[in-house]
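This is final-v9.txt (compact mmCIF, C-alpha atoms).
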# COMPACT_ATOMS: atom_id res chain seq x y z
CA MET A 99 19.35 -85.68 -15.93
CA VAL A 100 17.33 -84.61 -18.96
CA SER A 101 19.33 -82.74 -21.61
CA LEU A 102 18.42 -80.56 -24.57
CA SER A 103 19.62 -83.20 -27.00
CA LEU A 104 17.29 -85.77 -25.45
CA ILE A 105 14.38 -83.32 -25.54
CA ALA A 106 15.13 -82.53 -29.18
CA ARG A 107 15.19 -86.20 -30.14
CA HIS A 108 11.98 -86.73 -28.18
CA CYS A 109 10.24 -83.92 -30.06
CA VAL A 110 11.40 -85.14 -33.44
CA GLY A 111 10.44 -88.69 -32.54
CA ASN A 112 6.89 -87.60 -31.71
CA SER A 113 6.52 -85.45 -34.81
CA LYS A 114 4.80 -86.65 -37.94
CA PRO A 115 7.02 -87.66 -40.89
CA TYR A 116 6.94 -84.18 -42.38
CA LEU A 117 9.90 -84.64 -44.70
CA SER A 118 8.89 -85.15 -48.31
CA GLN A 119 10.79 -86.79 -51.12
CA PHE A 120 12.59 -83.47 -51.57
CA PHE A 121 13.48 -83.27 -47.88
CA ASN A 122 15.26 -86.44 -46.84
CA PRO A 123 17.74 -85.87 -43.96
CA ASN A 124 19.82 -88.79 -45.23
CA SER A 125 20.31 -87.00 -48.53
CA ILE A 126 21.69 -83.83 -46.95
CA PRO A 127 25.32 -83.31 -48.08
CA TRP A 128 27.98 -83.95 -45.47
CA GLN A 129 28.79 -80.26 -45.06
CA TYR A 130 25.27 -79.62 -43.72
CA ARG A 131 25.74 -82.22 -41.00
CA SER A 132 28.11 -79.94 -39.12
CA ILE A 133 25.59 -77.78 -37.34
CA ARG A 134 28.07 -75.36 -35.84
CA THR A 135 29.73 -74.80 -39.18
CA LEU A 136 26.36 -74.17 -40.74
CA LEU A 137 25.38 -71.65 -38.12
CA LEU A 138 28.67 -69.77 -38.23
CA GLN A 139 29.03 -69.49 -41.97
CA SER A 140 26.34 -69.57 -44.62
CA ALA A 141 27.22 -69.55 -48.28
CA SER A 142 23.56 -69.39 -49.20
CA GLU A 143 22.46 -67.27 -52.13
CA CYS A 144 18.83 -67.18 -51.04
CA LEU A 145 19.18 -67.13 -47.26
CA LYS A 146 21.36 -65.50 -44.65
CA LEU A 147 21.86 -67.18 -41.32
CA HIS A 148 23.00 -65.19 -38.30
CA ARG A 149 23.64 -66.62 -34.88
CA LEU A 150 23.52 -63.94 -32.18
CA SER A 151 26.21 -63.95 -29.52
CA ASP A 152 26.98 -62.86 -25.95
CA ALA A 153 23.80 -62.16 -23.99
CA ASP A 154 21.75 -63.04 -27.08
CA SER A 155 23.41 -66.42 -27.56
CA GLY A 156 20.72 -68.94 -28.43
CA ILE A 157 18.83 -66.62 -30.79
CA VAL A 158 19.18 -67.63 -34.44
CA GLU A 159 18.01 -65.53 -37.40
CA VAL A 160 17.24 -66.84 -40.88
CA SER A 161 16.84 -63.98 -43.35
CA LEU A 162 15.24 -64.41 -46.77
CA ASP A 163 17.43 -62.75 -49.40
CA ARG A 164 16.13 -62.88 -52.98
CA PRO A 165 15.64 -59.19 -53.77
CA THR A 166 15.08 -59.68 -57.51
CA THR A 167 12.04 -61.88 -56.84
CA LYS A 168 10.77 -60.23 -53.65
CA ASN A 169 11.83 -63.37 -51.76
CA ALA A 170 9.59 -65.60 -53.86
CA ILE A 171 10.14 -69.24 -52.95
CA GLY A 172 11.61 -71.33 -55.76
CA LYS A 173 13.22 -74.75 -55.74
CA ASP A 174 16.62 -73.46 -54.57
CA MET A 175 15.23 -71.42 -51.69
CA LEU A 176 12.99 -74.29 -50.64
CA ARG A 177 15.96 -76.67 -50.45
CA GLU A 178 17.90 -74.15 -48.39
CA LEU A 179 14.98 -73.62 -46.02
CA GLN A 180 14.75 -77.38 -45.56
CA HIS A 181 18.45 -77.66 -44.77
CA ARG A 182 18.40 -74.77 -42.32
CA PHE A 183 15.35 -75.97 -40.40
CA GLU A 184 16.72 -79.49 -40.12
CA ALA A 185 20.09 -78.19 -38.93
CA ILE A 186 18.60 -75.81 -36.37
CA ASN A 187 16.34 -78.53 -34.98
CA ARG A 188 19.41 -80.67 -34.31
CA ASP A 189 21.39 -77.88 -32.66
CA SER A 190 20.88 -77.91 -28.89
CA SER A 191 22.40 -74.41 -28.56
CA ALA A 192 19.57 -72.84 -30.57
CA ASN A 193 16.76 -71.61 -28.29
CA ILE A 194 14.73 -69.33 -30.58
CA LEU A 195 14.41 -68.95 -34.35
CA MET A 196 13.51 -65.64 -35.99
CA ILE A 197 12.58 -65.66 -39.69
CA CYS A 198 13.20 -62.25 -41.23
CA SER A 199 13.78 -60.60 -44.60
CA SER A 200 16.90 -58.83 -45.83
CA VAL A 201 14.83 -57.23 -48.61
CA PRO A 202 13.24 -53.86 -47.71
CA LYS A 203 9.45 -53.67 -47.61
CA VAL A 204 8.83 -57.35 -48.31
CA PHE A 205 8.75 -60.48 -46.19
CA CYS A 206 7.93 -63.02 -48.88
CA ALA A 207 5.82 -62.66 -52.02
CA GLY A 208 4.93 -66.35 -52.07
CA ALA A 209 5.87 -69.00 -54.60
CA ASP A 210 8.05 -68.14 -57.59
CA LEU A 211 5.35 -68.01 -60.28
CA LYS A 212 7.85 -67.47 -63.10
CA GLU A 213 9.50 -70.74 -62.16
CA ARG A 214 6.06 -72.31 -61.72
CA LYS A 215 5.25 -71.61 -65.39
CA THR A 216 8.06 -73.95 -66.45
CA MET A 217 6.77 -76.87 -64.38
CA SER A 218 4.51 -79.71 -65.46
CA PRO A 219 1.42 -80.43 -63.32
CA SER A 220 3.23 -83.34 -61.64
CA GLU A 221 6.22 -81.10 -60.87
CA VAL A 222 3.91 -78.45 -59.43
CA GLN A 223 2.27 -81.06 -57.22
CA ALA A 224 5.64 -82.34 -55.99
CA PHE A 225 6.83 -78.81 -55.25
CA VAL A 226 3.68 -77.83 -53.35
CA ASN A 227 3.80 -81.08 -51.36
CA SER A 228 7.42 -80.38 -50.45
CA LEU A 229 6.56 -76.80 -49.49
CA ARG A 230 3.74 -78.03 -47.27
CA SER A 231 6.04 -80.58 -45.63
CA THR A 232 8.71 -77.96 -45.03
CA PHE A 233 6.28 -75.60 -43.31
CA SER A 234 4.92 -78.48 -41.23
CA TYR A 235 8.47 -79.25 -40.18
CA LEU A 236 8.96 -75.57 -39.28
CA GLU A 237 5.78 -75.69 -37.20
CA ALA A 238 7.03 -78.82 -35.42
CA LEU A 239 10.43 -77.41 -34.45
CA CYS A 240 11.04 -77.89 -30.74
CA ILE A 241 12.06 -74.27 -30.19
CA PRO A 242 9.88 -71.13 -30.32
CA THR A 243 9.76 -69.45 -33.74
CA ILE A 244 8.97 -65.85 -34.65
CA ALA A 245 8.08 -64.46 -38.09
CA VAL A 246 9.23 -60.84 -38.54
CA ILE A 247 7.01 -59.27 -41.20
CA GLU A 248 7.72 -55.95 -42.89
CA GLY A 249 5.84 -55.34 -46.13
CA ALA A 250 4.24 -58.10 -48.18
CA ALA A 251 3.59 -61.59 -46.82
CA LEU A 252 1.46 -63.19 -49.50
CA GLY A 253 0.53 -66.73 -50.45
CA GLY A 254 3.32 -69.08 -49.43
CA GLY A 255 4.97 -66.21 -47.60
CA LEU A 256 2.02 -65.87 -45.26
CA GLU A 257 1.77 -69.65 -44.98
CA MET A 258 5.38 -69.73 -43.75
CA ALA A 259 4.55 -67.05 -41.17
CA LEU A 260 1.46 -69.01 -40.10
CA SER A 261 3.76 -71.96 -39.38
CA CYS A 262 5.67 -69.91 -36.80
CA ASP A 263 4.63 -69.66 -33.16
CA LEU A 264 4.51 -65.86 -33.13
CA ARG A 265 4.14 -63.17 -35.80
CA ILE A 266 5.29 -59.57 -35.48
CA CYS A 267 4.54 -57.07 -38.24
CA GLY A 268 5.02 -53.43 -39.13
CA GLU A 269 2.09 -51.15 -39.89
CA ASP A 270 2.94 -51.25 -43.59
CA ALA A 271 2.63 -55.04 -43.71
CA VAL A 272 0.29 -56.53 -46.30
CA LEU A 273 -0.89 -60.06 -45.59
CA GLY A 274 -3.07 -62.28 -47.71
CA LEU A 275 -3.76 -65.57 -49.45
CA PRO A 276 -4.60 -64.55 -53.04
CA GLU A 277 -4.51 -68.05 -54.55
CA THR A 278 -8.20 -68.24 -55.54
CA GLY A 279 -7.51 -65.37 -57.92
CA LEU A 280 -5.16 -67.77 -59.74
CA ALA A 281 -7.83 -70.50 -59.77
CA ILE A 282 -6.05 -72.55 -57.09
CA ILE A 283 -6.18 -72.70 -53.28
CA PRO A 284 -3.54 -72.15 -50.60
CA GLY A 285 -1.66 -75.44 -50.69
CA ALA A 286 1.01 -75.15 -48.00
CA GLY A 287 -1.20 -75.15 -44.93
CA GLY A 288 -3.09 -71.88 -45.36
CA THR A 289 -6.56 -73.42 -45.45
CA GLN A 290 -5.86 -75.16 -42.14
CA ARG A 291 -3.69 -72.79 -40.10
CA LEU A 292 -5.52 -69.55 -40.92
CA PRO A 293 -8.94 -70.66 -39.56
CA ARG A 294 -7.23 -72.01 -36.46
CA LEU A 295 -5.91 -68.51 -35.81
CA VAL A 296 -8.70 -66.18 -36.89
CA GLY A 297 -11.75 -68.45 -36.93
CA ARG A 298 -13.55 -70.26 -39.72
CA SER A 299 -15.73 -67.43 -41.00
CA VAL A 300 -12.98 -64.80 -41.19
CA ALA A 301 -10.61 -67.28 -42.82
CA LYS A 302 -13.21 -68.18 -45.43
CA GLU A 303 -13.75 -64.52 -46.28
CA LEU A 304 -10.03 -63.89 -46.66
CA ILE A 305 -9.45 -67.00 -48.79
CA PHE A 306 -12.63 -66.73 -50.90
CA THR A 307 -11.98 -63.07 -51.75
CA GLY A 308 -8.18 -63.18 -51.74
CA ARG A 309 -8.36 -59.89 -49.84
CA LYS A 310 -5.18 -58.46 -48.39
CA VAL A 311 -5.14 -56.95 -44.90
CA GLY A 312 -2.83 -54.41 -43.34
CA GLY A 313 -0.89 -54.76 -40.13
CA ARG A 314 -3.42 -53.03 -37.89
CA ASP A 315 -6.31 -55.17 -39.11
CA ALA A 316 -4.12 -58.27 -38.83
CA VAL A 317 -3.49 -57.74 -35.13
CA LEU A 318 -7.18 -57.03 -34.45
CA MET A 319 -8.25 -60.33 -36.03
CA GLY A 320 -5.51 -62.29 -34.24
CA LEU A 321 -3.50 -62.99 -37.38
CA VAL A 322 -0.38 -61.43 -35.80
CA ASN A 323 0.65 -60.96 -32.17
CA HIS A 324 1.93 -57.39 -32.43
CA CYS A 325 1.79 -54.57 -34.97
CA VAL A 326 4.40 -51.82 -34.56
CA PRO A 327 5.42 -48.74 -36.57
CA ALA A 328 6.85 -49.59 -39.98
CA GLY A 329 10.49 -50.58 -39.78
CA GLU A 330 10.33 -51.58 -36.11
CA ALA A 331 9.10 -55.17 -36.41
CA HIS A 332 12.58 -56.62 -36.04
CA LEU A 333 13.24 -54.59 -32.89
CA LYS A 334 9.97 -55.77 -31.36
CA ALA A 335 10.64 -59.38 -32.34
CA LEU A 336 14.14 -59.21 -30.89
CA GLU A 337 12.74 -57.76 -27.67
CA ILE A 338 10.36 -60.72 -27.36
CA ALA A 339 13.08 -63.20 -28.36
CA ARG A 340 15.37 -61.83 -25.64
CA GLU A 341 12.60 -62.18 -23.07
CA ILE A 342 12.00 -65.79 -24.12
CA ASN A 343 15.73 -66.50 -24.20
CA GLN A 344 15.99 -65.81 -20.47
CA LYS A 345 13.67 -68.71 -19.68
CA GLY A 346 14.62 -72.35 -19.21
CA PRO A 347 15.35 -73.93 -22.62
CA LEU A 348 13.94 -77.30 -21.61
CA ALA A 349 10.81 -75.66 -20.23
CA LEU A 350 10.26 -73.79 -23.50
CA ARG A 351 10.40 -77.03 -25.45
CA MET A 352 8.03 -78.80 -23.11
CA ALA A 353 5.63 -75.86 -23.03
CA LYS A 354 5.48 -75.80 -26.83
CA ARG A 355 4.90 -79.54 -26.97
CA ALA A 356 2.17 -79.40 -24.32
CA ILE A 357 0.32 -76.60 -26.15
CA ASP A 358 0.67 -77.87 -29.71
CA GLU A 359 -0.06 -81.53 -29.06
CA GLY A 360 -2.63 -80.77 -26.39
CA LEU A 361 -4.77 -78.73 -28.76
CA GLN A 362 -5.12 -81.81 -30.96
CA ALA A 363 -6.49 -83.93 -28.12
CA ASP A 364 -9.50 -83.98 -25.81
CA MET A 365 -9.11 -82.20 -22.47
CA THR A 366 -8.45 -85.36 -20.45
CA SER A 367 -5.70 -86.52 -22.80
CA ALA A 368 -4.29 -83.01 -23.01
CA LEU A 369 -4.01 -82.74 -19.25
CA GLU A 370 -2.23 -86.09 -19.15
CA LEU A 371 0.18 -84.74 -21.75
CA GLU A 372 0.77 -81.65 -19.60
CA GLU A 373 1.56 -83.95 -16.68
CA ASP A 374 4.04 -85.90 -18.79
CA CYS A 375 5.74 -82.71 -19.96
CA TYR A 376 5.97 -81.41 -16.40
CA GLU A 377 7.49 -84.67 -15.20
CA GLU A 378 10.15 -84.39 -17.91
CA LEU A 379 11.42 -81.27 -16.12
CA LEU A 380 11.38 -82.46 -12.50
CA ASN A 381 14.87 -83.96 -12.48
CA THR A 382 16.65 -81.26 -14.46
CA LYS A 383 19.50 -79.09 -13.24
CA ASP A 384 17.72 -76.07 -14.67
CA ARG A 385 14.72 -76.55 -12.35
CA LEU A 386 17.01 -76.59 -9.32
CA GLU A 387 18.87 -73.55 -10.64
CA GLY A 388 15.61 -71.68 -11.03
CA LEU A 389 14.65 -72.33 -7.41
CA LEU A 390 18.12 -71.41 -6.17
CA ALA A 391 18.22 -68.20 -8.20
CA PHE A 392 14.80 -67.22 -6.85
CA ALA A 393 15.96 -67.79 -3.27
CA GLU A 394 19.17 -65.83 -3.89
CA LYS A 395 17.31 -63.03 -5.72
CA ARG A 396 19.42 -63.23 -8.88
CA LYS A 397 18.90 -64.12 -12.51
CA PRO A 398 19.11 -67.85 -13.19
CA LYS A 399 21.84 -69.28 -15.40
CA TYR A 400 20.21 -72.05 -17.38
CA THR A 401 22.29 -74.61 -19.24
CA GLY A 402 19.64 -76.80 -20.81
CA GLU A 403 20.33 -79.72 -18.48
Serialized structure, structure tokens:
Amino acid sequence: MVSLSLIARHCVGNSKPYLSQFFNPNSIPWQYRSIRTLLLQSASECLKLHRLSDADSGIVEVSLDRPTTKNAIGKDMLRELQHRFEAINRDSSANILMICSSVPKVFCAGADLKERKTMSPSEVQAFVNSLRSTFSYLEALCIPTIAVIEGAALGGGLEMALSCDLRICGEDAVLGLPETGLAIIPGAGGTQRLPRLVGRSVAKELIFTGRKVGGRDAVLMGLVNHCVPAGEAHLKALEIAREINQKGPLALRMAKRAIDEGLQADMTSALELEEDCYEELLNTKDRLEGLLAFAEKRKPKYTGE
């Protein structure tokens, strides 16, 4: 039988080596190797990690929590994000990741520019490379990911959201890549992920001008999946997460792999990949449970096996 742990290792094994010199799994302190301990108690100063329970078991929330900097990403927060993503990817009980903010009216203001001023050019390059690698690792997680955006998601903050599978925002959200106004370009995936979502021409306009867009415009251009009244983005994201959480965990992982890897291939190769992903699920207990539950007209109880 195929298990979640095997699927997880398969996904990681087929991913690119996203970990930079700042993100080496072998260098993670021993206390981070206990996934369950990490999920149940977080001593983080920059992040809060909450694992939902009971009917919502399988939903994990990572909340950004640097109110004095509007959740700007500095070296410490970046290291913590790296540790959390690596830990969650190894935890077979995690089915969905939601990235939220504990700071009112802001998702993430981007990189910590005050800290940036103290860096040499080589240090800036190393930091940006590590940030890019971290977001690529987030994008490659085997489980579905949802960015919950209330308020500002700018620069690296928007690039982190672009690395998630889904984006939910409030009407008061402000999204943009203002880097050209600082005589640089988006360096953590923005120049590549934005045009893949909204199209080349729209992406060029947003990046060339550095223009910020509100939540309603964002949903119209396909930048976010849903725009809801201000303050209700988390509720909407949780509603979607709960709907996803009812589905087969192995199927979710295979569906994500088929979509993400298939889009990088020609149609013939992509269809072969879909066939491979489907075959991975044929001999699972969950597939049999789904058929049995349908016949018995009840909700299935999936175990990830």
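The spacing separating atom CA of A:Tyr235 from atom CA of A:Glu277 amounts to 22.4 Å.
Taking atom CA of A:Lys302 and atom CA of A:Arg230 as endpoints, the distance between them is 19.7 Å.
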ask   = Which residues, written as a ChimeraX atom specification, have at least one atom at most 8 Å from A:Gly253, with all atoms listed in the file counted and residues fewer than 2 positions away on the same chain left out?
value = /A:207-209,251,255-257,274-277,284
With C-alpha atoms retained, write the just-selected residues as a compact mmCIF listing (two decimals), in the coordinates of the input.
# COMPACT_ATOMS: atom_id res chain seq x y z
CA ALA A 207 5.82 -62.66 -52.02
CA GLY A 208 4.93 -66.35 -52.07
CA ALA A 209 5.87 -69.00 -54.60
CA ALA A 251 3.59 -61.59 -46.82
CA GLY A 255 4.97 -66.21 -47.60
CA LEU A 256 2.02 -65.87 -45.26
CA GLU A 257 1.77 -69.65 -44.98
CA GLY A 274 -3.07 -62.28 -47.71
CA LEU A 275 -3.76 -65.57 -49.45
CA PRO A 276 -4.60 -64.55 -53.04
CA GLU A 277 -4.51 -68.05 -54.55
CA PRO A 284 -3.54 -72.15 -50.60
inquiry  = List the spatial neighbours of A:Pro293 as a PyMOL selection string - criterion: any atom at most 12 Å away, all atoms listed in the file, same-chain residues fewer than 3 positions off excluded.
reply    = chain A and resi 260+287-290+296-305+319-321
request  = Write out as a PyMOL selection string each polymer residue whose atoms come within 9 Å of A:Ala353, counting all atoms listed in the file; drop sequence neighbours fewer than 4 positions from it.
outcome  = chain A and resi 348-349+357-358+372+375-376
task = Have a look at atom CA of A:Leu264 and atom CA of A:Ala328 and let me know their distance in Å, one decimal.
result = 17.8 Å
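Minimum atom-to-atom distances from A:Leu176, A:Leu295, A:Ala335, A:Ala271 to A:Gly312 were compared using all atoms listed in the file, and the lowest value belongs to A:Ala271.
Of the residues under consideration (A:Asp263, A:Glu184, A:Asp384, A:Glu359), A:Asp263 shows the shortest atom-to-atom contact distance to A:Ala339 when counting all atoms listed in the file.
With only C-alpha atoms as the atoms that count, the residue of A:Ile197, A:Pro219, A:Pro327, A:Glu237 with the shortest distance to A:Arg265 is A:Ile197.
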inquiry  = Quick one: residues within 7 Å of A:Glu248, only C-alpha atoms, excluding same-chain residues fewer than 3 positions away - as a PyMOL selection string?
reply    = chain A and resi 203-205+267-268+270-271+329+331
request  = Pick out the closest residue to A:Arg340 from this set: A:Ile244, A:Arg385, A:Ala238, A:Lys310. Count only C-alpha atoms.
outcome  = A:Ile244
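For the set A:Gly285, A:Gly313, A:Glu373, A:Thr401, the residue with the smallest atom-to-atom gap to A:Leu386 is A:Thr401, counting only C-alpha atoms.
Near (13.4, -62.9, -50.6), the residues inside the 6 Å limit, counting all atoms listed in the file, come to Leu162, Asp163, Arg164, Pro165, Lys168, Asn169, Ala170 and Cys206 of chain A.
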ask   = At a cut-off of 8 Å from (14.2, -70.2, -34.5) in the coordinates of the file, what residues are picked up using all atoms listed in the file, written as JSON, numbers by chain?
value = {"A": [157, 158, 159, 160, 186, 192, 193, 194, 195, 196, 197, 241, 242, 243, 244]}
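Checking A:Gln362, A:Arg396, A:Gln180, A:Gln344 one by one against A:Ser155, counting all atoms listed in the file, you find the shortest gap at A:Gln344.
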